[in-house]
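What's in final-v8.txt: compact mmCIF, N, CA and C atoms
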# COMPACT_ATOMS: atom_id res chain seq x y z
N MET G 1 0.84 -1.18 0.00
CA MET G 1 0.00 0.00 0.00
C MET G 1 0.89 1.24 0.00
N LEU G 2 0.55 2.21 -0.84
CA LEU G 2 1.33 3.44 -0.92
C LEU G 2 1.06 4.33 0.27
N ASP G 3 2.09 4.96 0.76
CA ASP G 3 1.95 5.87 1.90
C ASP G 3 1.86 7.29 1.34
N PHE G 4 0.67 7.63 0.84
CA PHE G 4 0.46 8.94 0.23
C PHE G 4 -0.09 9.88 1.29
N LYS G 5 0.54 11.02 1.46
CA LYS G 5 0.16 11.98 2.49
C LYS G 5 -0.89 12.93 1.91
N THR G 6 -2.15 12.55 2.04
CA THR G 6 -3.24 13.31 1.44
C THR G 6 -3.36 14.71 2.01
N GLU G 7 -3.27 14.84 3.32
CA GLU G 7 -3.40 16.16 3.94
C GLU G 7 -2.25 17.07 3.52
N TRP G 8 -1.04 16.54 3.48
CA TRP G 8 0.12 17.34 3.07
C TRP G 8 -0.04 17.79 1.62
N PHE G 9 -0.50 16.86 0.75
CA PHE G 9 -0.69 17.18 -0.66
C PHE G 9 -1.76 18.25 -0.82
N SER G 10 -2.89 18.10 -0.11
CA SER G 10 -3.98 19.08 -0.20
C SER G 10 -3.51 20.46 0.26
N LYS G 11 -2.72 20.49 1.33
CA LYS G 11 -2.20 21.78 1.81
C LYS G 11 -1.31 22.43 0.76
N LYS G 12 -0.46 21.62 0.12
CA LYS G 12 0.41 22.16 -0.93
C LYS G 12 -0.41 22.70 -2.09
N VAL G 13 -1.47 21.97 -2.48
CA VAL G 13 -2.32 22.42 -3.58
C VAL G 13 -3.04 23.70 -3.20
N TYR G 14 -3.58 23.78 -1.99
CA TYR G 14 -4.27 25.00 -1.56
C TYR G 14 -3.30 26.18 -1.46
N ASP G 15 -2.10 25.95 -1.02
CA ASP G 15 -1.10 27.02 -1.00
C ASP G 15 -0.80 27.50 -2.41
N SER G 16 -0.69 26.54 -3.33
CA SER G 16 -0.44 26.90 -4.74
C SER G 16 -1.62 27.66 -5.31
N LEU G 17 -2.83 27.23 -4.96
CA LEU G 17 -4.01 27.93 -5.45
C LEU G 17 -4.06 29.37 -4.96
N SER G 18 -3.65 29.61 -3.73
CA SER G 18 -3.64 30.99 -3.24
C SER G 18 -2.62 31.83 -4.00
N THR G 19 -1.50 31.21 -4.38
CA THR G 19 -0.51 31.93 -5.18
C THR G 19 -1.06 32.21 -6.58
N VAL G 20 -1.74 31.23 -7.16
CA VAL G 20 -2.32 31.40 -8.50
C VAL G 20 -3.39 32.48 -8.46
N LYS G 21 -4.19 32.53 -7.40
CA LYS G 21 -5.24 33.55 -7.29
C LYS G 21 -4.65 34.95 -7.32
N ARG G 22 -3.48 35.11 -6.69
CA ARG G 22 -2.83 36.42 -6.70
C ARG G 22 -2.36 36.80 -8.09
N VAL G 23 -1.97 35.79 -8.88
CA VAL G 23 -1.42 36.06 -10.21
C VAL G 23 -2.53 36.32 -11.22
N LEU G 24 -3.61 35.56 -11.15
CA LEU G 24 -4.69 35.68 -12.12
C LEU G 24 -5.52 36.93 -11.87
N ASP G 25 -6.35 37.26 -12.86
CA ASP G 25 -7.28 38.38 -12.70
C ASP G 25 -8.22 38.12 -11.53
N LEU G 26 -8.89 39.17 -11.10
CA LEU G 26 -9.83 39.03 -9.99
C LEU G 26 -11.06 38.21 -10.37
N HIS G 27 -11.36 38.09 -11.67
CA HIS G 27 -12.56 37.38 -12.12
C HIS G 27 -12.35 35.87 -12.15
N ARG G 28 -11.12 35.43 -12.16
CA ARG G 28 -10.84 33.99 -12.16
C ARG G 28 -10.62 33.53 -10.73
N ASN G 29 -11.10 32.35 -10.43
CA ASN G 29 -10.97 31.85 -9.08
C ASN G 29 -10.80 30.33 -9.14
N PRO G 30 -9.57 29.82 -9.25
CA PRO G 30 -9.37 28.38 -9.39
C PRO G 30 -9.70 27.61 -8.11
N HIS G 31 -10.22 26.38 -8.29
CA HIS G 31 -10.58 25.50 -7.18
C HIS G 31 -10.16 24.09 -7.53
N LEU G 32 -10.07 23.25 -6.51
CA LEU G 32 -9.87 21.83 -6.76
C LEU G 32 -11.13 21.25 -7.38
N ALA G 33 -10.98 20.25 -8.25
CA ALA G 33 -12.13 19.65 -8.92
C ALA G 33 -13.11 19.03 -7.93
N GLU G 34 -12.60 18.50 -6.84
CA GLU G 34 -13.49 17.86 -5.87
C GLU G 34 -14.37 18.85 -5.11
N ASP G 35 -13.98 20.15 -5.15
CA ASP G 35 -14.74 21.17 -4.43
C ASP G 35 -15.73 21.90 -5.32
N VAL G 36 -15.83 21.54 -6.59
CA VAL G 36 -16.67 22.25 -7.55
C VAL G 36 -17.72 21.28 -8.10
N ASP G 37 -18.98 21.77 -8.21
CA ASP G 37 -20.00 20.96 -8.85
C ASP G 37 -19.65 20.78 -10.32
N HIS G 38 -19.70 19.55 -10.79
CA HIS G 38 -19.35 19.28 -12.18
C HIS G 38 -20.11 18.07 -12.68
N GLN G 39 -20.07 17.89 -14.01
CA GLN G 39 -20.72 16.74 -14.62
C GLN G 39 -19.70 15.63 -14.81
N TYR G 40 -20.22 14.45 -15.11
CA TYR G 40 -19.36 13.27 -15.25
C TYR G 40 -18.31 13.46 -16.36
N GLY G 41 -18.69 14.06 -17.47
CA GLY G 41 -17.77 14.23 -18.60
C GLY G 41 -16.69 15.27 -18.35
N ASP G 42 -16.87 16.12 -17.33
CA ASP G 42 -15.89 17.16 -17.05
C ASP G 42 -14.54 16.58 -16.63
N LYS G 43 -14.55 15.39 -16.03
CA LYS G 43 -13.28 14.82 -15.59
C LYS G 43 -12.40 14.48 -16.79
N TYR G 44 -13.02 14.13 -17.92
CA TYR G 44 -12.23 13.85 -19.12
C TYR G 44 -11.65 15.12 -19.71
N LEU G 45 -12.42 16.20 -19.65
CA LEU G 45 -11.89 17.49 -20.11
C LEU G 45 -10.74 17.95 -19.23
N LEU G 46 -10.89 17.73 -17.93
CA LEU G 46 -9.81 18.09 -17.00
C LEU G 46 -8.57 17.25 -17.26
N ALA G 47 -8.76 15.93 -17.49
CA ALA G 47 -7.61 15.07 -17.78
C ALA G 47 -6.94 15.49 -19.08
N GLU G 48 -7.73 15.86 -20.08
CA GLU G 48 -7.15 16.31 -21.35
C GLU G 48 -6.37 17.61 -21.17
N GLN G 49 -6.92 18.52 -20.38
CA GLN G 49 -6.23 19.79 -20.12
C GLN G 49 -4.91 19.56 -19.38
N MET G 50 -4.91 18.67 -18.41
CA MET G 50 -3.69 18.37 -17.66
C MET G 50 -2.65 17.68 -18.54
N ALA G 51 -3.11 16.77 -19.42
CA ALA G 51 -2.18 16.11 -20.34
C ALA G 51 -1.57 17.12 -21.31
N ASN G 52 -2.37 18.04 -21.82
CA ASN G 52 -1.85 19.09 -22.71
C ASN G 52 -0.86 19.98 -21.99
N THR G 53 -1.15 20.30 -20.73
CA THR G 53 -0.23 21.12 -19.93
C THR G 53 1.10 20.40 -19.74
N ALA G 54 1.05 19.09 -19.48
CA ALA G 54 2.27 18.31 -19.30
C ALA G 54 3.07 18.25 -20.60
N LEU G 55 2.37 18.09 -21.74
CA LEU G 55 3.07 18.06 -23.04
C LEU G 55 3.73 19.40 -23.34
N ILE G 56 3.03 20.48 -23.05
CA ILE G 56 3.61 21.81 -23.27
C ILE G 56 4.83 22.01 -22.38
N ALA G 57 4.77 21.55 -21.15
CA ALA G 57 5.92 21.67 -20.25
C ALA G 57 7.11 20.88 -20.79
N GLN G 58 6.86 19.67 -21.29
CA GLN G 58 7.94 18.86 -21.87
C GLN G 58 8.52 19.54 -23.11
N LEU G 59 7.66 20.12 -23.94
CA LEU G 59 8.14 20.82 -25.13
C LEU G 59 8.97 22.03 -24.74
N ASN G 60 8.59 22.73 -23.68
CA ASN G 60 9.39 23.86 -23.20
C ASN G 60 10.77 23.41 -22.74
N VAL G 61 10.83 22.27 -22.08
CA VAL G 61 12.13 21.74 -21.64
C VAL G 61 12.99 21.40 -22.85
N LEU G 62 12.39 20.72 -23.83
CA LEU G 62 13.14 20.36 -25.04
C LEU G 62 13.59 21.60 -25.81
N THR G 63 12.76 22.64 -25.83
CA THR G 63 13.15 23.89 -26.48
C THR G 63 14.34 24.52 -25.76
N TYR G 64 14.34 24.44 -24.45
CA TYR G 64 15.46 24.97 -23.67
C TYR G 64 16.75 24.24 -24.03
N TYR G 65 16.66 22.95 -24.31
CA TYR G 65 17.84 22.15 -24.64
C TYR G 65 18.19 22.17 -26.12
N GLY G 66 17.49 22.97 -26.93
CA GLY G 66 17.92 23.14 -28.30
C GLY G 66 16.95 22.68 -29.36
N LEU G 67 15.78 22.16 -29.02
CA LEU G 67 14.81 21.75 -30.02
C LEU G 67 14.24 23.00 -30.66
N THR G 68 14.34 23.08 -31.98
CA THR G 68 13.89 24.27 -32.69
C THR G 68 12.65 23.96 -33.52
N THR G 69 12.02 25.01 -34.02
CA THR G 69 10.86 24.85 -34.89
C THR G 69 11.23 24.10 -36.16
N GLU G 70 12.44 24.36 -36.67
CA GLU G 70 12.89 23.68 -37.88
C GLU G 70 12.99 22.17 -37.66
N ILE G 71 13.49 21.76 -36.52
CA ILE G 71 13.60 20.33 -36.21
C ILE G 71 12.20 19.73 -36.13
N LEU G 72 11.28 20.41 -35.46
CA LEU G 72 9.92 19.89 -35.34
C LEU G 72 9.24 19.77 -36.70
N GLN G 73 9.45 20.75 -37.58
CA GLN G 73 8.81 20.71 -38.89
C GLN G 73 9.44 19.67 -39.80
N SER G 74 10.68 19.30 -39.55
CA SER G 74 11.34 18.31 -40.41
C SER G 74 11.00 16.88 -40.03
N ILE G 75 10.24 16.68 -38.95
CA ILE G 75 9.89 15.33 -38.51
C ILE G 75 8.85 14.74 -39.47
N ASP G 76 9.13 13.53 -39.96
CA ASP G 76 8.20 12.81 -40.82
C ASP G 76 7.14 12.16 -39.93
N ARG G 77 5.91 12.62 -40.04
CA ARG G 77 4.85 12.16 -39.15
C ARG G 77 4.30 10.79 -39.53
N SER G 78 4.74 10.25 -40.66
CA SER G 78 4.21 8.96 -41.10
C SER G 78 4.94 7.79 -40.46
N LYS G 79 6.02 8.04 -39.74
CA LYS G 79 6.76 6.95 -39.10
C LYS G 79 7.23 7.39 -37.72
N PRO G 80 7.53 6.44 -36.85
CA PRO G 80 8.03 6.79 -35.51
C PRO G 80 9.33 7.59 -35.60
N THR G 81 9.48 8.50 -34.68
CA THR G 81 10.65 9.38 -34.69
C THR G 81 11.32 9.35 -33.32
N THR G 82 12.63 9.43 -33.34
CA THR G 82 13.39 9.48 -32.11
C THR G 82 14.14 10.81 -32.06
N LEU G 83 14.05 11.47 -30.92
CA LEU G 83 14.83 12.68 -30.72
C LEU G 83 16.13 12.28 -30.04
N ARG G 84 17.23 12.76 -30.54
CA ARG G 84 18.54 12.45 -29.97
C ARG G 84 19.00 13.64 -29.14
N PHE G 85 19.32 13.35 -27.92
CA PHE G 85 19.80 14.37 -26.99
C PHE G 85 21.30 14.18 -26.82
N GLN G 86 22.07 15.21 -27.13
CA GLN G 86 23.52 15.14 -26.98
C GLN G 86 23.97 16.28 -26.07
N GLY G 87 24.87 15.95 -25.20
CA GLY G 87 25.41 16.96 -24.31
C GLY G 87 26.89 16.74 -24.10
N SER G 88 27.60 17.82 -23.94
CA SER G 88 29.03 17.72 -23.66
C SER G 88 29.40 18.79 -22.65
N THR G 89 30.38 18.45 -21.85
CA THR G 89 30.88 19.41 -20.86
C THR G 89 32.39 19.42 -20.91
N SER G 90 32.95 20.55 -20.59
CA SER G 90 34.40 20.64 -20.44
C SER G 90 34.68 21.54 -19.25
N CYS G 91 35.78 21.25 -18.60
CA CYS G 91 36.13 21.97 -17.39
C CYS G 91 37.62 22.34 -17.45
N THR G 92 37.91 23.61 -17.23
CA THR G 92 39.28 24.10 -17.27
C THR G 92 39.61 24.79 -15.96
N PHE G 93 40.72 24.40 -15.37
CA PHE G 93 41.15 25.02 -14.12
C PHE G 93 41.71 26.40 -14.43
N LEU G 94 41.24 27.43 -13.71
CA LEU G 94 41.70 28.79 -13.94
C LEU G 94 42.79 29.18 -12.95
N ASN G 95 42.46 29.16 -11.66
CA ASN G 95 43.47 29.53 -10.67
C ASN G 95 43.03 29.13 -9.26
N GLU G 96 43.92 29.31 -8.34
CA GLU G 96 43.65 29.06 -6.93
C GLU G 96 43.97 30.33 -6.17
N GLU G 97 43.06 30.71 -5.28
CA GLU G 97 43.27 31.89 -4.44
C GLU G 97 43.14 31.47 -2.97
N ILE G 98 43.92 32.11 -2.14
CA ILE G 98 43.79 31.91 -0.70
C ILE G 98 43.01 33.11 -0.17
N VAL G 99 41.85 32.82 0.43
CA VAL G 99 41.01 33.88 0.97
C VAL G 99 40.92 33.72 2.48
N GLU G 100 40.73 34.84 3.15
CA GLU G 100 40.61 34.83 4.60
C GLU G 100 39.13 34.83 4.97
N VAL G 101 38.74 33.83 5.75
CA VAL G 101 37.36 33.67 6.17
C VAL G 101 37.29 33.95 7.67
N PRO G 102 36.48 34.95 8.08
CA PRO G 102 36.38 35.24 9.52
C PRO G 102 35.67 34.11 10.25
N MET G 103 36.17 33.81 11.43
CA MET G 103 35.57 32.78 12.27
C MET G 103 34.74 33.47 13.35
N GLN G 104 33.99 32.70 14.11
CA GLN G 104 33.15 33.23 15.16
C GLN G 104 33.96 33.68 16.38
N ARG G 105 35.18 33.26 16.46
CA ARG G 105 36.01 33.47 17.63
C ARG G 105 36.83 34.76 17.52
N THR G 106 37.09 35.39 18.66
CA THR G 106 38.00 36.53 18.74
C THR G 106 39.05 36.23 19.80
N GLU G 107 40.18 36.89 19.67
CA GLU G 107 41.25 36.73 20.65
C GLU G 107 41.61 38.10 21.21
N GLU G 108 41.94 38.11 22.49
CA GLU G 108 42.32 39.36 23.13
C GLU G 108 43.80 39.27 23.53
N GLU G 109 44.54 40.28 23.13
CA GLU G 109 45.96 40.35 23.50
C GLU G 109 46.13 41.50 24.48
N GLN G 110 46.88 41.22 25.55
CA GLN G 110 47.13 42.27 26.53
C GLN G 110 48.62 42.57 26.56
N GLU G 111 48.92 43.83 26.62
CA GLU G 111 50.32 44.26 26.66
C GLU G 111 50.48 45.21 27.86
N HIS G 112 51.48 44.91 28.68
CA HIS G 112 51.76 45.76 29.84
C HIS G 112 52.77 46.82 29.41
N VAL G 113 52.37 48.08 29.60
CA VAL G 113 53.22 49.20 29.21
C VAL G 113 53.59 49.98 30.48
N GLU G 114 54.89 50.17 30.67
CA GLU G 114 55.35 50.93 31.83
C GLU G 114 55.65 52.36 31.42
N SER G 115 55.18 53.28 32.22
CA SER G 115 55.39 54.69 31.95
C SER G 115 55.86 55.34 33.24
N ALA G 116 56.78 56.30 33.14
CA ALA G 116 57.28 56.99 34.32
C ALA G 116 56.21 57.88 34.93
N LEU G 117 55.33 58.35 34.10
CA LEU G 117 54.31 59.27 34.58
C LEU G 117 53.09 58.53 35.13
N PHE G 118 52.61 57.49 34.44
CA PHE G 118 51.38 56.81 34.84
C PHE G 118 51.62 55.47 35.51
N GLY G 119 52.81 54.96 35.54
CA GLY G 119 53.10 53.65 36.10
C GLY G 119 52.85 52.58 35.03
N THR G 120 52.44 51.41 35.50
CA THR G 120 52.19 50.31 34.58
C THR G 120 50.73 50.32 34.14
N THR G 121 50.50 50.32 32.83
CA THR G 121 49.14 50.25 32.29
C THR G 121 49.02 49.01 31.39
N VAL G 122 47.80 48.58 31.20
CA VAL G 122 47.53 47.42 30.36
C VAL G 122 46.80 47.89 29.12
N ARG G 123 47.34 47.52 27.98
CA ARG G 123 46.70 47.85 26.71
C ARG G 123 46.13 46.54 26.14
N SER G 124 44.83 46.54 25.83
CA SER G 124 44.17 45.35 25.29
C SER G 124 43.83 45.57 23.82
N THR G 125 44.04 44.52 23.04
CA THR G 125 43.68 44.54 21.62
C THR G 125 42.85 43.29 21.34
N ILE G 126 41.66 43.50 20.78
CA ILE G 126 40.81 42.37 20.41
C ILE G 126 40.94 42.19 18.91
N LYS G 127 41.26 40.96 18.51
CA LYS G 127 41.46 40.65 17.10
C LYS G 127 40.47 39.58 16.66
N GLN G 128 39.96 39.75 15.45
CA GLN G 128 39.08 38.75 14.84
C GLN G 128 39.94 37.62 14.31
N VAL G 129 39.57 36.39 14.63
CA VAL G 129 40.32 35.24 14.15
C VAL G 129 39.84 34.90 12.75
N VAL G 130 40.77 34.77 11.84
CA VAL G 130 40.44 34.39 10.47
C VAL G 130 41.24 33.14 10.12
N ARG G 131 40.69 32.39 9.20
CA ARG G 131 41.45 31.25 8.71
C ARG G 131 41.60 31.39 7.21
N GLN G 132 42.66 30.87 6.70
CA GLN G 132 42.93 30.95 5.27
C GLN G 132 42.42 29.69 4.60
N VAL G 133 41.58 29.91 3.59
CA VAL G 133 40.94 28.81 2.88
C VAL G 133 41.27 28.93 1.40
N PRO G 134 41.67 27.83 0.78
CA PRO G 134 41.92 27.91 -0.67
C PRO G 134 40.60 27.90 -1.44
N GLU G 135 40.50 28.79 -2.43
CA GLU G 135 39.35 28.84 -3.33
C GLU G 135 39.85 28.47 -4.71
N TYR G 136 39.16 27.54 -5.35
CA TYR G 136 39.55 27.09 -6.67
C TYR G 136 38.55 27.62 -7.69
N HIS G 137 39.06 28.20 -8.76
CA HIS G 137 38.21 28.78 -9.79
C HIS G 137 38.33 27.93 -11.06
N TRP G 138 37.15 27.58 -11.61
CA TRP G 138 37.09 26.72 -12.79
C TRP G 138 36.20 27.38 -13.83
N ASN G 139 36.47 27.09 -15.08
CA ASN G 139 35.60 27.50 -16.18
C ASN G 139 34.92 26.24 -16.69
N VAL G 140 33.58 26.18 -16.56
CA VAL G 140 32.82 25.01 -16.98
C VAL G 140 31.97 25.39 -18.18
N ASP G 141 32.15 24.68 -19.28
CA ASP G 141 31.36 24.89 -20.49
C ASP G 141 30.45 23.69 -20.67
N VAL G 142 29.17 23.98 -20.93
CA VAL G 142 28.19 22.92 -21.14
C VAL G 142 27.49 23.20 -22.47
N HIS G 143 27.40 22.17 -23.30
CA HIS G 143 26.74 22.32 -24.61
C HIS G 143 25.65 21.25 -24.72
N TRP G 144 24.42 21.68 -25.06
CA TRP G 144 23.30 20.76 -25.21
C TRP G 144 22.79 20.85 -26.62
N GLU G 145 22.32 19.74 -27.15
CA GLU G 145 21.75 19.76 -28.50
C GLU G 145 20.71 18.65 -28.63
N VAL G 146 19.60 19.00 -29.26
CA VAL G 146 18.56 18.02 -29.58
C VAL G 146 18.48 17.94 -31.08
N SER G 147 18.55 16.72 -31.63
CA SER G 147 18.48 16.57 -33.09
C SER G 147 17.54 15.43 -33.44

I'd like the structure from this file rewritten - as structure tokens, please.
Amino acid sequence: MLDFKTEWFSKKVYDSLSTVKRVLDLHRNPHLAEDVDHQYGDKYLLAEQMANTALIAQLNVLTYYGLTTEILQSIDRSKPTTLRFQGSTSCTFLNEEIVEVPMQRTEEEQEHVESALFGTTVRSTIKQVVRQVPEYHWNVDVHWEVS
């Protein structure tokens, strides 16, 4: 049996709905399907709308990775088609720097100073403790292509 957290999921959906309400016009008011009176056939329209939304989201991802209108138009619809995803990365070391990172700790140094006029006085200096950490800088190139 699946351990699906219905209350947690409903809370997330209602939180999302409140965000969507702020974004949409005042005349639109989205609700969960279970909270709205509907007919039996409406569930199929809802499923179709959600499937179309998922397809559009996938197409947006593929467009981000390089799928162009030309590639889509060149697809022969009479036979199955495979999209090939190619990616390459390269990494080049640039340099190393030593940086000083302040720590939460401080140290106090006391120095006893003798003076003929005032006698012995104590001079205190509080210093922030820092540690030296190496920072490595890299140039990373990533190339994506869908064909």

*Using DSSP on the backbone coordinates, identify all residues within chain G classified as helix (DSSP H, G or I); present the result as a PyMOL selection string.*
chain G and resi 6-23+33-35+42-64+69-73

*Which residues come within 5 Å of range 80-88 of chain G, counting only N, CA and C atoms, excluding same-chain residues fewer than 4 positions away, as a VMD selection string?*
chain G and resid 142 to 147

_Distance query Val122 in chain G at most 10 Å, only C-alpha atoms, self and fewer than 6 positions along chain excluded, as a PyMOL selection string_ = chain G and resi 109-114

Just write the chosen residues, N, CA and C atoms, as an mmCIF file, in the frame of the given file.
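Listed below is the output, out_11.cif:
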data_model
loop_
_atom_site.group_PDB
_atom_site.id
_atom_site.type_symbol
_atom_site.label_atom_id
_atom_site.label_comp_id
_atom_site.auth_asym_id
_atom_site.auth_seq_id
_atom_site.Cartn_x
_atom_site.Cartn_y
_atom_site.Cartn_z
ATOM 1 N N GLU G 109 44.540 40.280 23.130
ATOM 2 C CA GLU G 109 45.960 40.350 23.500
ATOM 3 C C GLU G 109 46.130 41.500 24.480
ATOM 4 N N GLN G 110 46.880 41.220 25.550
ATOM 5 C CA GLN G 110 47.130 42.270 26.530
ATOM 6 C C GLN G 110 48.620 42.570 26.560
ATOM 7 N N GLU G 111 48.920 43.830 26.620
ATOM 8 C CA GLU G 111 50.320 44.260 26.660
ATOM 9 C C GLU G 111 50.480 45.210 27.860
ATOM 10 N N HIS G 112 51.480 44.910 28.680
ATOM 11 C CA HIS G 112 51.760 45.760 29.840
ATOM 12 C C HIS G 112 52.770 46.820 29.410
ATOM 13 N N VAL G 113 52.370 48.080 29.600
ATOM 14 C CA VAL G 113 53.220 49.200 29.210
ATOM 15 C C VAL G 113 53.590 49.980 30.480
ATOM 16 N N GLU G 114 54.890 50.170 30.670
ATOM 17 C CA GLU G 114 55.350 50.930 31.830
ATOM 18 C C GLU G 114 55.650 52.360 31.420
#

_Would you compute the distance between atom N of Ile98 in chain G and atom N of Val133 in chain G? Give it in Å to one decimal._
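Separating atom N of Ile98 in chain G from atom N of Val133 in chain G is a distance of 6.6 Å.
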
*asked:* Can you measure atom C of Ser90 in chain G to atom C of His137 in chain G for me? One decimal in Å is fine.
replied: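 If I compute the distance from atom C of Ser90 in chain G to atom C of His137 in chain G, I get 11.0 Å.
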
*Coordinates-based distance that separates CA of Gln58 in chain G from CA of Leu32 in chain G (Å, one decimal)*: 23.5 Å

*Excluding same-chain residues fewer than 6 positions from range 102-107 of chain G, what lies within 5 Å of it counting all atoms listed in the file, as a list in words?*
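Neighbouring residues, sequence-local ones excluded: Ile126, Lys127, Gln128, Val129 and Val130 of chain G.
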
*Which residue, G:Thr120, G:Asp15, G:Glu108, G:Glu100, has the smallest gap to Gln132 in chain G when you use only N, CA and C atoms?*
G:Glu100

*Could you pull out all residues of chain G with a DSSP call of strand (DSSP E) and give them as number ranges by chain?*
G: 85-115, 119-146

Would you list the residues near (41.7, 29.3, -3.6), meaning any protein, DNA or RNA residue with an atom at most 6.5 Å from that point in file coordinates, counting only N, CA and C atoms, as a PDB file with N, CA and C atoms, in the coordinates of the input?
ATOM      1  N   ASN G  95      42.460  29.160 -11.660  1.00  0.00           N
ATOM      2  CA  ASN G  95      43.470  29.530 -10.670  1.00  0.00           C
ATOM      3  C   ASN G  95      43.030  29.130  -9.260  1.00  0.00           C
ATOM      4  N   GLU G  96      43.920  29.310  -8.340  1.00  0.00           N
ATOM      5  CA  GLU G  96      43.650  29.060  -6.930  1.00  0.00           C
ATOM      6  C   GLU G  96      43.970  30.330  -6.170  1.00  0.00           C
ATOM      7  N   GLU G  97      43.060  30.710  -5.280  1.00  0.00           N
ATOM      8  CA  GLU G  97      43.270  31.890  -4.440  1.00  0.00           C
ATOM      9  C   GLU G  97      43.140  31.470  -2.970  1.00  0.00           C
ATOM     10  N   ILE G  98      43.920  32.110  -2.140  1.00  0.00           N
ATOM     11  CA  ILE G  98      43.790  31.910  -0.700  1.00  0.00           C
ATOM     12  C   ILE G  98      43.010  33.110  -0.170  1.00  0.00           C
ATOM     13  N   VAL G  99      41.850  32.820   0.430  1.00  0.00           N
ATOM     14  CA  VAL G  99      41.010  33.880   0.970  1.00  0.00           C
ATOM     15  C   VAL G  99      40.920  33.720   2.480  1.00  0.00           C
ATOM     16  N   VAL G 133      41.580  29.910   3.590  1.00  0.00           N
ATOM     17  CA  VAL G 133      40.940  28.810   2.880  1.00  0.00           C
ATOM     18  C   VAL G 133      41.270  28.930   1.400  1.00  0.00           C
ATOM     19  N   PRO G 134      41.670  27.830   0.780  1.00  0.00           N
ATOM     20  CA  PRO G 134      41.920  27.910  -0.670  1.00  0.00           C
ATOM     21  C   PRO G 134      40.600  27.900  -1.440  1.00  0.00           C
ATOM     22  N   GLU G 135      40.500  28.790  -2.430  1.00  0.00           N
ATOM     23  CA  GLU G 135      39.350  28.840  -3.330  1.00  0.00           C
ATOM     24  C   GLU G 135      39.850  28.470  -4.710  1.00  0.00           C
ATOM     25  N   TYR G 136      39.160  27.540  -5.350  1.00  0.00           N
ATOM     26  CA  TYR G 136      39.550  27.090  -6.670  1.00  0.00           C
ATOM     27  C   TYR G 136      38.550  27.620  -7.690  1.00  0.00           C
ATOM     28  N   HIS G 137      39.060  28.200  -8.760  1.00  0.00           N
ATOM     29  CA  HIS G 137      38.210  28.780  -9.790  1.00  0.00           C
ATOM     30  C   HIS G 137      38.330  27.930 -11.060  1.00  0.00           C
TER      31      HIS G 137
END

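Each of G:Val140, G:Leu46, G:Val13, G:Val20 was checked against Cys91 in chain G using only C-alpha atoms; the smallest atom-to-atom distance is that of G:Val140.
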
Rebuild range 116-126 of chain G so that it carries N, CA, C and O atoms, then output the result as a PDB file, in the frame of the given file.
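Result file out32.pdb:
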ATOM      1  N   ALA G 116      56.780  56.300  33.140  1.00  0.00           N
ATOM      2  CA  ALA G 116      57.280  56.990  34.320  1.00  0.00           C
ATOM      3  C   ALA G 116      56.210  57.880  34.930  1.00  0.00           C
ATOM      4  O   ALA G 116      56.173  58.062  36.142  1.00  0.00           O
ATOM      5  N   LEU G 117      55.330  58.350  34.100  1.00  0.00           N
ATOM      6  CA  LEU G 117      54.310  59.270  34.580  1.00  0.00           C
ATOM      7  C   LEU G 117      53.090  58.530  35.130  1.00  0.00           C
ATOM      8  O   LEU G 117      52.571  58.860  36.194  1.00  0.00           O
ATOM      9  N   PHE G 118      52.610  57.490  34.440  1.00  0.00           N
ATOM     10  CA  PHE G 118      51.380  56.810  34.840  1.00  0.00           C
ATOM     11  C   PHE G 118      51.620  55.470  35.510  1.00  0.00           C
ATOM     12  O   PHE G 118      50.705  54.813  35.974  1.00  0.00           O
ATOM     13  N   GLY G 119      52.810  54.960  35.540  1.00  0.00           N
ATOM     14  CA  GLY G 119      53.100  53.650  36.100  1.00  0.00           C
ATOM     15  C   GLY G 119      52.850  52.580  35.030  1.00  0.00           C
ATOM     16  O   GLY G 119      53.002  52.814  33.850  1.00  0.00           O
ATOM     17  N   THR G 120      52.440  51.410  35.500  1.00  0.00           N
ATOM     18  CA  THR G 120      52.190  50.310  34.580  1.00  0.00           C
ATOM     19  C   THR G 120      50.730  50.320  34.140  1.00  0.00           C
ATOM     20  O   THR G 120      49.828  50.350  34.979  1.00  0.00           O
ATOM     21  N   THR G 121      50.500  50.320  32.830  1.00  0.00           N
ATOM     22  CA  THR G 121      49.140  50.250  32.290  1.00  0.00           C
ATOM     23  C   THR G 121      49.020  49.010  31.390  1.00  0.00           C
ATOM     24  O   THR G 121      50.020  48.477  30.908  1.00  0.00           O
ATOM     25  N   VAL G 122      47.800  48.580  31.200  1.00  0.00           N
ATOM     26  CA  VAL G 122      47.530  47.420  30.360  1.00  0.00           C
ATOM     27  C   VAL G 122      46.800  47.890  29.120  1.00  0.00           C
ATOM     28  O   VAL G 122      45.777  48.573  29.201  1.00  0.00           O
ATOM     29  N   ARG G 123      47.340  47.520  27.980  1.00  0.00           N
ATOM     30  CA  ARG G 123      46.700  47.850  26.710  1.00  0.00           C
ATOM     31  C   ARG G 123      46.130  46.540  26.140  1.00  0.00           C
ATOM     32  O   ARG G 123      46.858  45.566  25.997  1.00  0.00           O
ATOM     33  N   SER G 124      44.830  46.540  25.830  1.00  0.00           N
ATOM     34  CA  SER G 124      44.170  45.350  25.290  1.00  0.00           C
ATOM     35  C   SER G 124      43.830  45.570  23.820  1.00  0.00           C
ATOM     36  O   SER G 124      43.389  46.641  23.429  1.00  0.00           O
ATOM     37  N   THR G 125      44.040  44.520  23.040  1.00  0.00           N
ATOM     38  CA  THR G 125      43.680  44.540  21.620  1.00  0.00           C
ATOM     39  C   THR G 125      42.850  43.290  21.340  1.00  0.00           C
ATOM     40  O   THR G 125      43.276  42.179  21.633  1.00  0.00           O
ATOM     41  N   ILE G 126      41.660  43.500  20.780  1.00  0.00           N
ATOM     42  CA  ILE G 126      40.810  42.370  20.410  1.00  0.00           C
ATOM     43  C   ILE G 126      40.940  42.190  18.910  1.00  0.00           C
ATOM     44  O   ILE G 126      40.748  43.118  18.125  1.00  0.00           O
TER      45      ILE G 126
END
